[in-house]
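This is structure-v6.csv (CSV, C-alpha atoms).
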```csv
chain,number,residue,atom,x,y,z
A,1,MET,CA,12.9,9.8,1.9
A,2,ASN,CA,11.7,11.3,5.1
A,3,GLY,CA,8.3,12.9,5.7
A,4,GLU,CA,9.3,16.5,5.6
A,5,ASP,CA,11.3,16.2,2.3
A,6,ALA,CA,8.4,14.3,0.8
A,7,LYS,CA,5.9,17.0,1.8
A,8,ASN,CA,8.0,19.6,0.1
A,9,THR,CA,7.8,17.7,-3.2
A,10,ALA,CA,4.0,17.6,-3.2
A,11,GLY,CA,2.2,19.4,-6.0
A,12,ARG,CA,-0.8,19.5,-8.3
A,13,GLY,CA,0.9,19.8,-11.7
A,14,ASP,CA,-0.7,18.5,-14.9
A,15,PRO,CA,-3.9,16.4,-15.1
A,16,ALA,CA,-3.4,12.7,-14.3
A,17,GLY,CA,-1.7,10.9,-17.1
A,18,LEU,CA,1.6,9.6,-18.5
A,19,THR,CA,4.0,11.3,-20.9
A,20,VAL,CA,6.5,9.1,-22.8
A,21,ARG,CA,9.2,10.2,-25.2
A,22,ALA,CA,9.8,7.6,-28.0
A,23,GLU,CA,13.5,6.5,-28.2
A,24,ALA,CA,15.4,5.4,-31.2
A,25,GLU,CA,14.5,1.8,-30.5
A,26,ASP,CA,10.8,2.7,-30.5
A,27,GLU,CA,10.9,3.8,-34.1
A,28,GLY,CA,8.0,2.1,-36.0
A,29,LEU,CA,6.3,0.7,-32.9
A,30,THR,CA,2.7,1.5,-32.2
A,31,LEU,CA,1.9,4.0,-29.5
A,32,ARG,CA,0.0,1.1,-27.8
A,33,ALA,CA,3.2,-1.0,-27.7
A,34,ILE,CA,5.3,1.9,-26.4
A,35,LEU,CA,2.9,2.6,-23.6
A,36,ARG,CA,2.8,-1.0,-22.6
A,37,ARG,CA,6.5,-1.6,-22.8
A,38,SER,CA,7.8,1.6,-21.2
A,39,ARG,CA,5.1,2.2,-18.6
A,40,GLY,CA,3.1,-1.0,-18.3
A,41,VAL,CA,-0.2,0.6,-19.2
A,42,SER,CA,-2.9,-2.0,-19.2
A,43,ALA,CA,-5.1,-2.7,-22.2
A,44,ARG,CA,-8.1,-2.1,-20.0
A,45,LEU,CA,-7.0,1.4,-19.2
A,46,MET,CA,-6.3,2.1,-22.8
A,47,ARG,CA,-9.8,1.1,-23.7
A,48,LYS,CA,-11.2,3.4,-21.0
A,49,ALA,CA,-9.1,6.2,-22.5
A,50,VAL,CA,-10.7,5.6,-25.9
A,51,TYR,CA,-14.3,5.1,-24.8
A,52,GLY,CA,-14.3,7.3,-21.7
A,53,THR,CA,-13.1,10.8,-21.1
A,54,GLY,CA,-9.3,10.2,-21.5
A,55,GLU,CA,-7.2,11.4,-24.4
A,56,LEU,CA,-4.2,10.2,-26.3
A,57,CYS,CA,-1.9,12.7,-28.0
A,58,ARG,CA,1.3,12.6,-29.9
A,59,ASN,CA,3.3,15.8,-30.1
A,60,GLY,CA,0.2,17.7,-28.8
A,61,GLU,CA,-2.1,16.4,-31.5
A,62,PRO,CA,-4.9,13.7,-31.1
A,63,ALA,CA,-3.6,10.3,-31.9
A,64,ARG,CA,-4.6,6.6,-32.1
A,65,PHE,CA,-3.1,3.7,-30.3
A,66,ALA,CA,-2.4,2.0,-33.6
A,67,ASP,CA,-0.3,5.0,-34.9
A,68,LYS,CA,3.4,4.3,-35.5
A,69,ALA,CA,5.9,6.3,-33.6
A,70,ARG,CA,9.0,8.1,-34.7
A,71,ALA,CA,12.0,8.7,-32.4
A,72,GLY,CA,11.5,11.8,-30.4
A,73,ASP,CA,7.7,11.7,-30.5
A,74,VAL,CA,6.1,12.8,-27.2
A,75,ILE,CA,3.2,10.6,-26.3
A,76,ARG,CA,0.7,11.7,-23.7
A,77,LEU,CA,-2.1,9.6,-22.3
A,78,ASP,CA,-4.6,11.5,-20.0
A,79,PHE,CA,-6.6,9.2,-17.8
A,80,PRO,CA,-10.4,9.4,-17.6
A,81,ALA,CA,-11.5,11.6,-14.6
A,82,GLU,CA,-13.1,9.6,-11.8
A,83,ILE,CA,-14.2,11.0,-8.4
A,84,SER,CA,-15.0,9.4,-5.1
A,85,ALA,CA,-18.1,10.4,-3.2
A,86,PHE,CA,-17.2,9.8,0.4
A,87,GLU,CA,-18.4,12.4,2.9
A,88,PRO,CA,-15.5,14.7,3.8
A,89,GLN,CA,-14.8,14.6,7.5
A,90,ASP,CA,-12.3,16.0,9.9
A,91,ILE,CA,-10.2,12.8,10.3
A,92,PRO,CA,-6.4,13.3,10.7
A,93,VAL,CA,-4.4,12.4,7.6
A,94,ASP,CA,-0.6,12.2,8.2
A,95,VAL,CA,0.7,12.8,4.6
A,96,LEU,CA,4.3,11.5,4.1
A,97,TYR,CA,4.4,12.0,0.3
A,98,GLU,CA,2.0,13.3,-2.4
A,99,ASP,CA,2.1,14.1,-6.0
A,100,ASP,CA,-0.3,14.0,-9.0
A,101,GLU,CA,-0.2,10.2,-9.1
A,102,ILE,CA,-0.1,8.8,-5.5
A,103,LEU,CA,-0.7,9.7,-1.9
A,104,LEU,CA,1.2,8.0,0.9
A,105,VAL,CA,0.0,8.4,4.5
A,106,ASN,CA,1.1,7.2,7.9
A,107,LYS,CA,-2.1,5.6,9.2
A,108,GLN,CA,-2.9,5.9,12.9
A,109,PRO,CA,-4.1,2.8,14.7
A,110,GLY,CA,-7.8,2.4,15.5
A,111,ILE,CA,-9.2,3.7,12.3
A,112,VAL,CA,-10.9,1.8,9.5
A,113,VAL,CA,-9.5,2.5,6.1
A,114,HIS,CA,-12.7,2.9,4.1
A,115,PRO,CA,-16.5,2.8,4.7
A,116,THR,CA,-18.0,-0.7,5.3
A,117,LYS,CA,-21.3,-2.0,6.4
A,118,GLY,CA,-20.3,-1.7,10.1
A,119,HIS,CA,-18.4,1.6,9.6
A,120,SER,CA,-20.3,3.9,7.3
A,121,ASP,CA,-18.1,7.0,8.2
A,122,GLY,CA,-15.3,8.1,10.4
A,123,THR,CA,-12.8,6.3,8.2
A,124,LEU,CA,-9.5,7.3,6.6
A,125,ALA,CA,-11.2,7.6,3.3
A,126,ASN,CA,-13.5,10.3,4.8
A,127,GLY,CA,-10.4,12.2,6.0
A,128,ILE,CA,-8.6,11.8,2.6
A,129,MET,CA,-11.7,13.2,0.9
A,130,ARG,CA,-11.5,16.4,3.1
A,131,HIS,CA,-7.7,16.6,2.4
A,132,MET,CA,-8.3,16.2,-1.3
A,133,ILE,CA,-10.9,19.0,-1.5
A,134,ALA,CA,-8.7,21.3,0.6
A,135,ARG,CA,-6.0,20.9,-2.1
A,136,GLY,CA,-8.5,21.7,-4.9
A,137,GLU,CA,-8.3,18.2,-6.3
A,138,ARG,CA,-10.9,15.6,-7.2
A,139,TYR,CA,-10.1,12.0,-7.9
A,140,LYS,CA,-11.2,8.5,-7.1
A,141,ILE,CA,-9.5,7.2,-3.9
A,142,ARG,CA,-7.9,3.9,-4.7
A,143,PHE,CA,-6.3,2.1,-1.8
A,144,ILE,CA,-3.4,0.4,-3.3
A,145,SER,CA,-2.3,-1.2,0.0
A,146,ARG,CA,-4.6,-2.2,2.9
A,147,LEU,CA,-4.1,-2.2,6.6
A,148,ASP,CA,-6.3,-3.6,9.4
A,149,ARG,CA,-8.1,-1.1,11.6
A,150,ASP,CA,-5.6,-1.6,14.5
A,151,THR,CA,-2.5,-1.8,12.4
A,152,SER,CA,-0.6,1.4,11.9
A,153,GLY,CA,1.9,2.7,9.3
A,154,LEU,CA,2.4,3.2,5.6
A,155,LEU,CA,-0.7,3.1,3.4
A,156,LEU,CA,-0.5,3.9,-0.3
A,157,VAL,CA,-3.3,5.5,-2.3
A,158,GLY,CA,-3.5,5.8,-6.1
A,159,LYS,CA,-5.1,8.8,-7.7
A,160,HIS,CA,-5.9,7.0,-11.0
A,161,ALA,CA,-6.3,3.5,-12.3
A,162,HIS,CA,-2.8,3.2,-13.7
A,163,ALA,CA,-1.2,3.9,-10.4
A,164,GLN,CA,-3.2,1.0,-8.9
A,165,THR,CA,-2.6,-1.5,-11.7
A,166,ASP,CA,1.1,-0.7,-12.0
A,167,PHE,CA,1.6,-1.4,-8.3
A,168,ALA,CA,-0.2,-4.7,-8.7
A,169,ARG,CA,2.1,-5.5,-11.6
A,170,GLN,CA,5.2,-4.7,-9.5
A,171,SER,CA,3.9,-6.8,-6.6
A,172,ALA,CA,3.3,-9.8,-8.9
A,173,ALA,CA,6.8,-9.5,-10.2
A,174,GLY,CA,8.3,-9.4,-6.7
A,175,GLU,CA,9.5,-5.8,-7.1
A,176,VAL,CA,7.7,-4.3,-4.1
A,177,TYR,CA,9.2,-4.4,-0.6
A,178,LYS,CA,6.7,-4.4,2.3
A,179,GLY,CA,8.4,-4.2,5.6
A,180,TYR,CA,6.6,-4.4,9.0
A,181,THR,CA,7.7,-4.1,12.6
A,182,ALA,CA,5.9,-6.2,15.3
A,183,ILE,CA,6.2,-7.1,19.0
A,184,ALA,CA,5.5,-10.8,19.5
A,185,ALA,CA,5.1,-12.9,22.5
A,186,GLY,CA,8.1,-15.1,23.6
A,187,ALA,CA,11.7,-15.2,22.4
A,188,LEU,CA,12.1,-15.5,18.6
A,189,THR,CA,15.8,-15.1,17.7
A,190,GLY,CA,17.6,-15.3,14.4
A,191,SER,CA,15.9,-15.1,11.0
A,192,GLY,CA,13.3,-17.4,9.4
A,193,ARG,CA,10.8,-17.8,6.6
A,194,ILE,CA,7.2,-18.9,7.2
A,195,ASP,CA,5.9,-20.5,4.0
A,196,LEU,CA,2.5,-21.8,5.0
A,197,PRO,CA,-0.9,-21.5,3.1
A,198,ILE,CA,-3.7,-19.4,4.7
A,199,ALA,CA,-7.4,-19.8,4.4
A,200,LEU,CA,-10.6,-18.7,6.1
A,201,GLU,CA,-11.2,-20.6,9.3
A,202,SER,CA,-14.8,-21.2,8.1
A,203,GLU,CA,-17.2,-19.8,5.6
A,204,GLY,CA,-18.2,-16.2,6.6
A,205,ALA,CA,-15.6,-16.1,9.4
A,206,VAL,CA,-13.3,-13.2,10.1
A,207,ARG,CA,-10.4,-15.4,11.4
A,208,ARG,CA,-7.9,-16.9,9.0
A,209,THR,CA,-5.9,-20.0,9.7
A,210,VAL,CA,-3.0,-22.0,8.3
A,211,ARG,CA,-4.5,-24.8,6.2
A,212,GLU,CA,-3.4,-27.1,3.4
A,213,GLY,CA,-5.1,-26.0,0.2
A,214,GLY,CA,-5.2,-22.3,1.3
A,215,TYR,CA,-3.6,-19.4,-0.6
A,216,PRO,CA,0.2,-19.6,-0.8
A,217,SER,CA,1.6,-17.1,1.9
A,218,ILE,CA,5.2,-16.3,2.7
A,219,THR,CA,6.5,-14.1,5.6
A,220,GLU,CA,10.2,-13.5,6.4
A,221,TYR,CA,11.2,-12.4,9.9
A,222,THR,CA,14.3,-11.3,11.8
A,223,GLY,CA,14.4,-11.1,15.6
A,224,GLU,CA,15.8,-7.7,16.4
A,225,ARG,CA,15.6,-7.7,20.2
A,226,VAL,CA,14.4,-9.9,23.0
A,227,PHE,CA,13.2,-8.1,26.1
A,228,GLU,CA,11.1,-8.5,29.2
A,229,ILE,CA,8.3,-6.5,30.8
A,230,GLY,CA,7.1,-7.6,34.2
A,231,GLY,CA,8.7,-11.0,33.9
A,232,ASP,CA,7.2,-11.7,30.5
A,233,THR,CA,9.3,-12.2,27.4
A,234,TYR,CA,8.7,-10.4,24.0
A,235,THR,CA,10.6,-10.0,20.8
A,236,LEU,CA,10.9,-7.0,18.5
A,237,LEU,CA,10.6,-8.3,15.0
A,238,SER,CA,11.3,-7.0,11.5
A,239,LEU,CA,9.2,-8.7,8.9
A,240,ARG,CA,8.8,-8.8,5.1
A,241,LEU,CA,5.7,-9.8,3.3
A,242,LEU,CA,6.3,-11.7,0.1
A,243,THR,CA,2.6,-12.2,-0.4
A,244,GLY,CA,-0.3,-10.1,0.8
A,245,ARG,CA,-2.9,-12.2,2.4
A,246,THR,CA,-5.4,-10.8,4.9
A,247,HIS,CA,-4.0,-11.0,8.5
A,248,GLN,CA,-1.0,-12.8,7.1
A,249,ILE,CA,1.6,-11.7,9.7
A,250,ARG,CA,-0.8,-12.2,12.5
A,251,VAL,CA,-1.8,-15.7,11.4
A,252,HIS,CA,1.7,-16.9,10.7
A,253,LEU,CA,3.2,-15.7,13.9
A,254,ALA,CA,0.3,-17.1,15.9
A,255,HIS,CA,0.8,-20.4,14.1
A,256,ILE,CA,4.4,-20.7,15.2
A,257,GLY,CA,3.6,-19.9,18.8
A,258,HIS,CA,4.6,-16.2,18.8
A,259,PRO,CA,1.3,-14.2,18.4
A,260,VAL,CA,1.5,-10.4,18.0
A,261,LEU,CA,1.2,-8.7,21.3
A,262,GLY,CA,-2.2,-7.3,21.9
A,263,ASP,CA,-3.8,-9.3,19.1
A,264,ALA,CA,-7.0,-10.5,20.7
A,265,LEU,CA,-8.2,-12.3,17.5
A,266,TYR,CA,-5.2,-14.6,17.3
A,267,GLY,CA,-4.3,-15.2,20.9
A,268,GLY,CA,-1.8,-12.4,21.5
A,269,ALA,CA,-3.8,-10.5,24.2
A,270,PRO,CA,-3.6,-12.3,27.5
A,271,GLU,CA,-4.4,-10.2,30.6
A,272,ARG,CA,-0.9,-8.8,30.8
A,273,GLY,CA,-0.7,-8.0,27.1
A,274,ALA,CA,-4.0,-6.1,27.2
A,275,GLU,CA,-2.5,-3.9,29.9
A,276,LEU,CA,0.5,-3.1,27.8
A,277,ILE,CA,-1.1,-2.1,24.5
A,278,ALA,CA,-4.7,-1.6,23.3
A,279,ARG,CA,-4.3,-3.1,19.9
A,280,GLN,CA,-2.0,-5.5,18.0
A,281,ALA,CA,1.6,-4.3,18.1
A,282,LEU,CA,2.0,-4.3,14.3
A,283,HIS,CA,3.2,-1.4,12.2
A,284,ALA,CA,3.8,-1.1,8.4
A,285,SER,CA,7.3,0.5,8.6
A,286,VAL,CA,8.9,0.3,5.2
A,287,LEU,CA,7.6,0.5,1.6
A,288,LYS,CA,9.8,0.3,-1.5
A,289,PHE,CA,8.4,0.5,-5.1
A,290,SER,CA,8.8,2.3,-8.4
A,291,HIS,CA,6.8,5.4,-9.2
A,292,PRO,CA,4.0,4.6,-11.6
A,293,LYS,CA,4.7,7.6,-13.8
A,294,ASP,CA,8.5,7.6,-14.4
A,295,GLY,CA,9.7,4.4,-12.8
A,296,ARG,CA,12.0,6.0,-10.3
A,297,ALA,CA,12.8,4.0,-7.2
A,298,LEU,CA,11.0,5.2,-4.0
A,299,THR,CA,11.7,4.2,-0.4
A,300,PHE,CA,9.6,5.3,2.5
A,301,LYS,CA,9.9,4.6,6.3
A,302,ALA,CA,7.5,5.4,9.1
A,303,PRO,CA,8.8,5.6,12.6
A,304,LEU,CA,7.2,3.4,15.4
A,305,PRO,CA,4.0,4.9,16.8
A,306,GLU,CA,4.1,6.0,20.5
A,307,ASP,CA,2.3,3.0,21.9
A,308,MET,CA,4.8,0.5,20.5
A,309,GLY,CA,7.8,2.7,21.1
A,310,ARG,CA,6.9,3.0,24.8
A,311,LEU,CA,7.1,-0.7,25.2
A,312,LEU,CA,10.7,-0.8,24.1
A,313,GLY,CA,11.7,1.7,26.7
```
In structure tokens, what does this structure look like?
Amino acid sequence: MNGEDAKNTAGRGDPAGLTVRAEAEDEGLTLRAILRRSRGVSARLMRKAVYGTGELCRNGEPARFADKARAGDVIRLDFPAEISAFEPQDIPVDVLYEDDEILLVNKQPGIVVHPTKGHSDGTLANGIMRHMIARGERYKIRFISRLDRDTSGLLLVGKHAHAQTDFARQSAAGEVYKGYTAIAAGALTGSGRIDLPIALESEGAVRRTVREGGYPSITEYTGERVFEIGGDTYTLLSLRLLTGRTHQIRVHLAHIGHPVLGDALYGGAPERGAELIARQALHASVLKFSHPKDGRALTFKAPLPEDMGRLLG
């Protein structure tokens, strides 16, 4: 799905929630069991719906999770309303897809995703808040995926808790495809798999390192093109994350001797590299997952940003 087609599908629609029609095989099951089996709704979210401001209905009438279903019943679970309170600011937000459940943006490099102690504003979250208000919407911004400040590309936001928990469920089941594009130092041809644990370099440190006893971490890569700039050799890489550790691609490539170009933290920014690009040459380029509301397969691609494309000629 390209960006223009996706934008044309955006809409406001009904309040955030899920609608499920009971099938013949659901006859006699509880509404709780049907919501869990067909849409993966967590027990925690069901409790929030009971004790919060959400609502469960069957055929338009209030219902209980313990009620038994009949074939053809229409089950509707509305999620409790939650609202973020970030200051809305005029920060560019490149929307590739949006509906009542999720928001997908193409993040520009050099911007922090959400406010932190060192970046209280001027973040992507501030820009999304402004975008949200302009659309007449109010929801809690839930960053389903995360990108480093200087990494560009696809970033997924959930508009309610189920969108976030369903993506986590898909990730744990290996059903999410996260593809990246990087430019790395040196010649790295063919395909490979880096299966090495990652841990903090030291307590309180920012840097991560490959270390026995760290979190299991797996990165797959394919060398797409080896090229030279000014006598130095670089490789255009396609990568897939099978796990999602902080700085995973950057740590793994640095460990095997091919740091990401421009990555000052992990040794990829020698003098020549710093002249070529002002940040790590890493881009979240492909994301495949199932929609949290109806389970349809979605595939999104983000083209290379100008600074990386320029290096390829």
>> Would you compute the distance between atom CA of A:Ala199 and atom CA of A:His247? Give it in Å to one decimal.
In response: 10.3 Å
> For A:Arg76, which residue among A:Leu35, A:Val93, A:Asp99, A:Thr299 is the nearest when counting only C-alpha atoms?
Replying inline: A:Leu35
>> So, with only C-alpha atoms as the atoms that count, which of A:Gly136, A:Val251, A:Gly223, A:Ile128 lies closest to A:Ala264?
In response: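 Checking each of A:Gly136, A:Val251, A:Gly223, A:Ile128 against A:Ala264, counting only C-alpha atoms, the winner is A:Val251.
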>> Taking all atoms listed in the file into account, name the residue in A:Tyr177, A:Tyr266, A:Phe65, A:Tyr139 that is nearest to A:Gly244.
In response: A:Tyr177
>> For a quick check of your reading of the model, name the residues lying within 10 Å of the coordinate (9.8, -12.3, 9.0), counting all atoms listed in the file, and write them as a ChimeraX atom specification.
In response: /A:179-182,190-194,218-223,237-242,249,252-253
Using all atoms listed in the file, which protein or nucleic acid residues come within 8 Å of stretch 272-289 of chain A? Drop anything in the same chain fewer than 4 positions from it, and give the result as a tab-separated table (two decimals) with C-alpha atoms, in the coordinates of the input.
```
chain	number	residue	atom	x	y	z
A	109	PRO	CA	-4.10	2.80	14.70
A	110	GLY	CA	-7.80	2.40	15.50
A	150	ASP	CA	-5.60	-1.60	14.50
A	151	THR	CA	-2.50	-1.80	12.40
A	152	SER	CA	-0.60	1.40	11.90
A	153	GLY	CA	1.90	2.70	9.30
A	154	LEU	CA	2.40	3.20	5.60
A	155	LEU	CA	-0.70	3.10	3.40
A	167	PHE	CA	1.60	-1.40	-8.30
A	170	GLN	CA	5.20	-4.70	-9.50
A	175	GLU	CA	9.50	-5.80	-7.10
A	176	VAL	CA	7.70	-4.30	-4.10
A	177	TYR	CA	9.20	-4.40	-0.60
A	178	LYS	CA	6.70	-4.40	2.30
A	179	GLY	CA	8.40	-4.20	5.60
A	180	TYR	CA	6.60	-4.40	9.00
A	181	THR	CA	7.70	-4.10	12.60
A	182	ALA	CA	5.90	-6.20	15.30
A	183	ILE	CA	6.20	-7.10	19.00
A	184	ALA	CA	5.50	-10.80	19.50
A	260	VAL	CA	1.50	-10.40	18.00
A	261	LEU	CA	1.20	-8.70	21.30
A	262	GLY	CA	-2.20	-7.30	21.90
A	263	ASP	CA	-3.80	-9.30	19.10
A	264	ALA	CA	-7.00	-10.50	20.70
A	268	GLY	CA	-1.80	-12.40	21.50
A	297	ALA	CA	12.80	4.00	-7.20
A	298	LEU	CA	11.00	5.20	-4.00
A	299	THR	CA	11.70	4.20	-0.40
A	300	PHE	CA	9.60	5.30	2.50
A	301	LYS	CA	9.90	4.60	6.30
A	302	ALA	CA	7.50	5.40	9.10
A	303	PRO	CA	8.80	5.60	12.60
A	304	LEU	CA	7.20	3.40	15.40
A	305	PRO	CA	4.00	4.90	16.80
A	307	ASP	CA	2.30	3.00	21.90
A	308	MET	CA	4.80	0.50	20.50
A	311	LEU	CA	7.10	-0.70	25.20
```
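You can rank A:Gly213, A:Arg250, A:Ala187, A:Pro259 by their closest distance to A:Asp232 using all atoms listed in the file, and at the top of that list sits A:Ala187.
Closest approach to A:Pro270 among A:Ala185, A:Ala71, A:Leu147, A:Ala49: A:Ala185, based on all atoms listed in the file.
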> For A:Arg44, which residue among A:Thr243, A:Thr30, A:Gln248, A:Thr165 is the nearest when counting all atoms listed in the file?
Replying inline: A:Thr165
>> Give me the residues near A:Val210 as a list in words, where near means some atom within 9 Å (using all atoms listed in the file) and where sequence neighbours in that chain fewer than 3 positions away do not count.
In response: Leu196, Pro197, Ile198, Ala199, Leu200, Glu201, Gly214, Val251, His252 and His255 of chain A
>> Set the distance at 9 Å and use only C-alpha atoms: which residues neighbour A:Asp67 once local chain neighbours fewer than 6 positions away are removed? I'd like the list as a PyMOL selection string.
In response: chain A and resi 28-32
Would you save the residues of that selection, restricted to C-alpha atoms, as a CSV table (one decimal), in the coordinates of the input?
```csv
chain,number,residue,atom,x,y,z
A,28,GLY,CA,8.0,2.1,-36.0
A,29,LEU,CA,6.3,0.7,-32.9
A,30,THR,CA,2.7,1.5,-32.2
A,31,LEU,CA,1.9,4.0,-29.5
A,32,ARG,CA,0.0,1.1,-27.8
```
> How many Å lie between atom CA of A:Ile141 and atom CA of A:Glu98, rounded to one decimal?
Replying inline: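 According to the coordinates, atom CA of A:Ile141 and atom CA of A:Glu98 are separated by 13.1 Å.
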Using the structure just given, write a file holding C-alpha atoms for stretch 93-167 of chain A, as a PDB file, in the first residue's frame.
```pdb
ATOM      1  CA  VAL A  93       3.991  14.495  10.629  1.00  0.00           C
ATOM      2  CA  ASP A  94       4.185  12.500   7.381  1.00  0.00           C
ATOM      3  CA  VAL A  95       1.083  10.296   7.607  1.00  0.00           C
ATOM      4  CA  LEU A  96       1.203   7.175   5.421  1.00  0.00           C
ATOM      5  CA  TYR A  97      -1.927   5.505   6.785  1.00  0.00           C
ATOM      6  CA  GLU A  98      -4.578   6.334   9.355  1.00  0.00           C
ATOM      7  CA  ASP A  99      -7.903   4.930  10.520  1.00  0.00           C
ATOM      8  CA  ASP A 100      -9.783   4.721  13.814  1.00  0.00           C
ATOM      9  CA  GLU A 101      -7.370   2.159  15.268  1.00  0.00           C
ATOM     10  CA  ILE A 102      -3.845   3.020  14.114  1.00  0.00           C
ATOM     11  CA  LEU A 103      -1.670   5.785  12.705  1.00  0.00           C
ATOM     12  CA  LEU A 104       1.424   5.052  10.617  1.00  0.00           C
ATOM     13  CA  VAL A 105       3.949   7.808   9.985  1.00  0.00           C
ATOM     14  CA  ASN A 106       7.177   8.118   8.035  1.00  0.00           C
ATOM     15  CA  LYS A 107       9.428   9.612  10.702  1.00  0.00           C
ATOM     16  CA  GLN A 108      12.048  12.116   9.646  1.00  0.00           C
ATOM     17  CA  PRO A 109      15.582  11.755  11.093  1.00  0.00           C
ATOM     18  CA  GLY A 110      16.733  14.029  13.892  1.00  0.00           C
ATOM     19  CA  ILE A 111      13.529  14.093  15.929  1.00  0.00           C
ATOM     20  CA  VAL A 112      12.871  12.400  19.276  1.00  0.00           C
ATOM     21  CA  VAL A 113       9.755  10.245  19.319  1.00  0.00           C
ATOM     22  CA  HIS A 114       8.255  11.367  22.641  1.00  0.00           C
ATOM     23  CA  PRO A 115       9.124  13.784  25.466  1.00  0.00           C
ATOM     24  CA  THR A 116      11.933  12.703  27.782  1.00  0.00           C
ATOM     25  CA  LYS A 117      13.914  14.368  30.534  1.00  0.00           C
ATOM     26  CA  GLY A 118      16.322  15.819  27.984  1.00  0.00           C
ATOM     27  CA  HIS A 119      13.678  16.627  25.341  1.00  0.00           C
ATOM     28  CA  SER A 120      10.562  18.019  26.992  1.00  0.00           C
ATOM     29  CA  ASP A 121       9.016  19.169  23.714  1.00  0.00           C
ATOM     30  CA  GLY A 122       9.675  19.423  19.986  1.00  0.00           C
ATOM     31  CA  THR A 123       9.036  15.687  19.635  1.00  0.00           C
ATOM     32  CA  LEU A 124       7.021  13.620  17.202  1.00  0.00           C
ATOM     33  CA  ALA A 125       4.414  13.140  19.931  1.00  0.00           C
ATOM     34  CA  ASN A 126       3.887  16.910  20.049  1.00  0.00           C
ATOM     35  CA  GLY A 127       3.349  16.928  16.291  1.00  0.00           C
ATOM     36  CA  ILE A 128       0.921  13.995  16.442  1.00  0.00           C
ATOM     37  CA  MET A 129      -1.031  15.813  19.163  1.00  0.00           C
ATOM     38  CA  ARG A 130      -1.511  18.769  16.814  1.00  0.00           C
ATOM     39  CA  HIS A 131      -2.462  16.438  13.955  1.00  0.00           C
ATOM     40  CA  MET A 132      -4.965  14.649  16.195  1.00  0.00           C
ATOM     41  CA  ILE A 133      -6.680  17.848  17.297  1.00  0.00           C
ATOM     42  CA  ALA A 134      -6.858  19.112  13.703  1.00  0.00           C
ATOM     43  CA  ARG A 135      -8.786  15.936  12.802  1.00  0.00           C
ATOM     44  CA  GLY A 136     -11.183  16.440  15.705  1.00  0.00           C
ATOM     45  CA  GLU A 137      -9.913  13.342  17.510  1.00  0.00           C
ATOM     46  CA  ARG A 138      -8.765  12.735  21.079  1.00  0.00           C
ATOM     47  CA  TYR A 139      -6.922   9.574  22.068  1.00  0.00           C
ATOM     48  CA  LYS A 140      -3.904   8.360  23.999  1.00  0.00           C
ATOM     49  CA  ILE A 141      -0.851   8.220  21.734  1.00  0.00           C
ATOM     50  CA  ARG A 142       0.618   4.737  22.054  1.00  0.00           C
ATOM     51  CA  PHE A 143       3.901   4.227  20.212  1.00  0.00           C
ATOM     52  CA  ILE A 144       3.679   0.613  19.141  1.00  0.00           C
ATOM     53  CA  SER A 145       7.101   0.669  17.493  1.00  0.00           C
ATOM     54  CA  ARG A 146      10.074   2.831  18.451  1.00  0.00           C
ATOM     55  CA  LEU A 147      12.865   4.444  16.472  1.00  0.00           C
ATOM     56  CA  ASP A 148      16.018   6.186  17.655  1.00  0.00           C
ATOM     57  CA  ARG A 149      16.170   9.955  17.181  1.00  0.00           C
ATOM     58  CA  ASP A 150      18.393   9.713  14.095  1.00  0.00           C
ATOM     59  CA  THR A 151      16.727   6.674  12.536  1.00  0.00           C
ATOM     60  CA  SER A 152      14.091   7.436   9.911  1.00  0.00           C
ATOM     61  CA  GLY A 153      11.145   5.494   8.578  1.00  0.00           C
ATOM     62  CA  LEU A 154       7.981   3.650   9.514  1.00  0.00           C
ATOM     63  CA  LEU A 155       6.629   4.252  12.998  1.00  0.00           C
ATOM     64  CA  LEU A 156       3.322   2.775  14.162  1.00  0.00           C
ATOM     65  CA  VAL A 157       1.006   4.415  16.698  1.00  0.00           C
ATOM     66  CA  GLY A 158      -2.005   2.771  18.345  1.00  0.00           C
ATOM     67  CA  LYS A 159      -5.082   4.799  19.211  1.00  0.00           C
ATOM     68  CA  HIS A 160      -6.240   2.434  21.963  1.00  0.00           C
ATOM     69  CA  ALA A 161      -4.856  -0.307  24.190  1.00  0.00           C
ATOM     70  CA  HIS A 162      -6.007  -3.241  22.056  1.00  0.00           C
ATOM     71  CA  ALA A 163      -4.068  -1.996  19.023  1.00  0.00           C
ATOM     72  CA  GLN A 164      -0.928  -1.974  21.160  1.00  0.00           C
ATOM     73  CA  THR A 165      -1.444  -5.340  22.846  1.00  0.00           C
ATOM     74  CA  ASP A 166      -2.478  -7.054  19.605  1.00  0.00           C
ATOM     75  CA  PHE A 167       0.705  -5.891  17.869  1.00  0.00           C
TER      76      PHE A 167
END
```
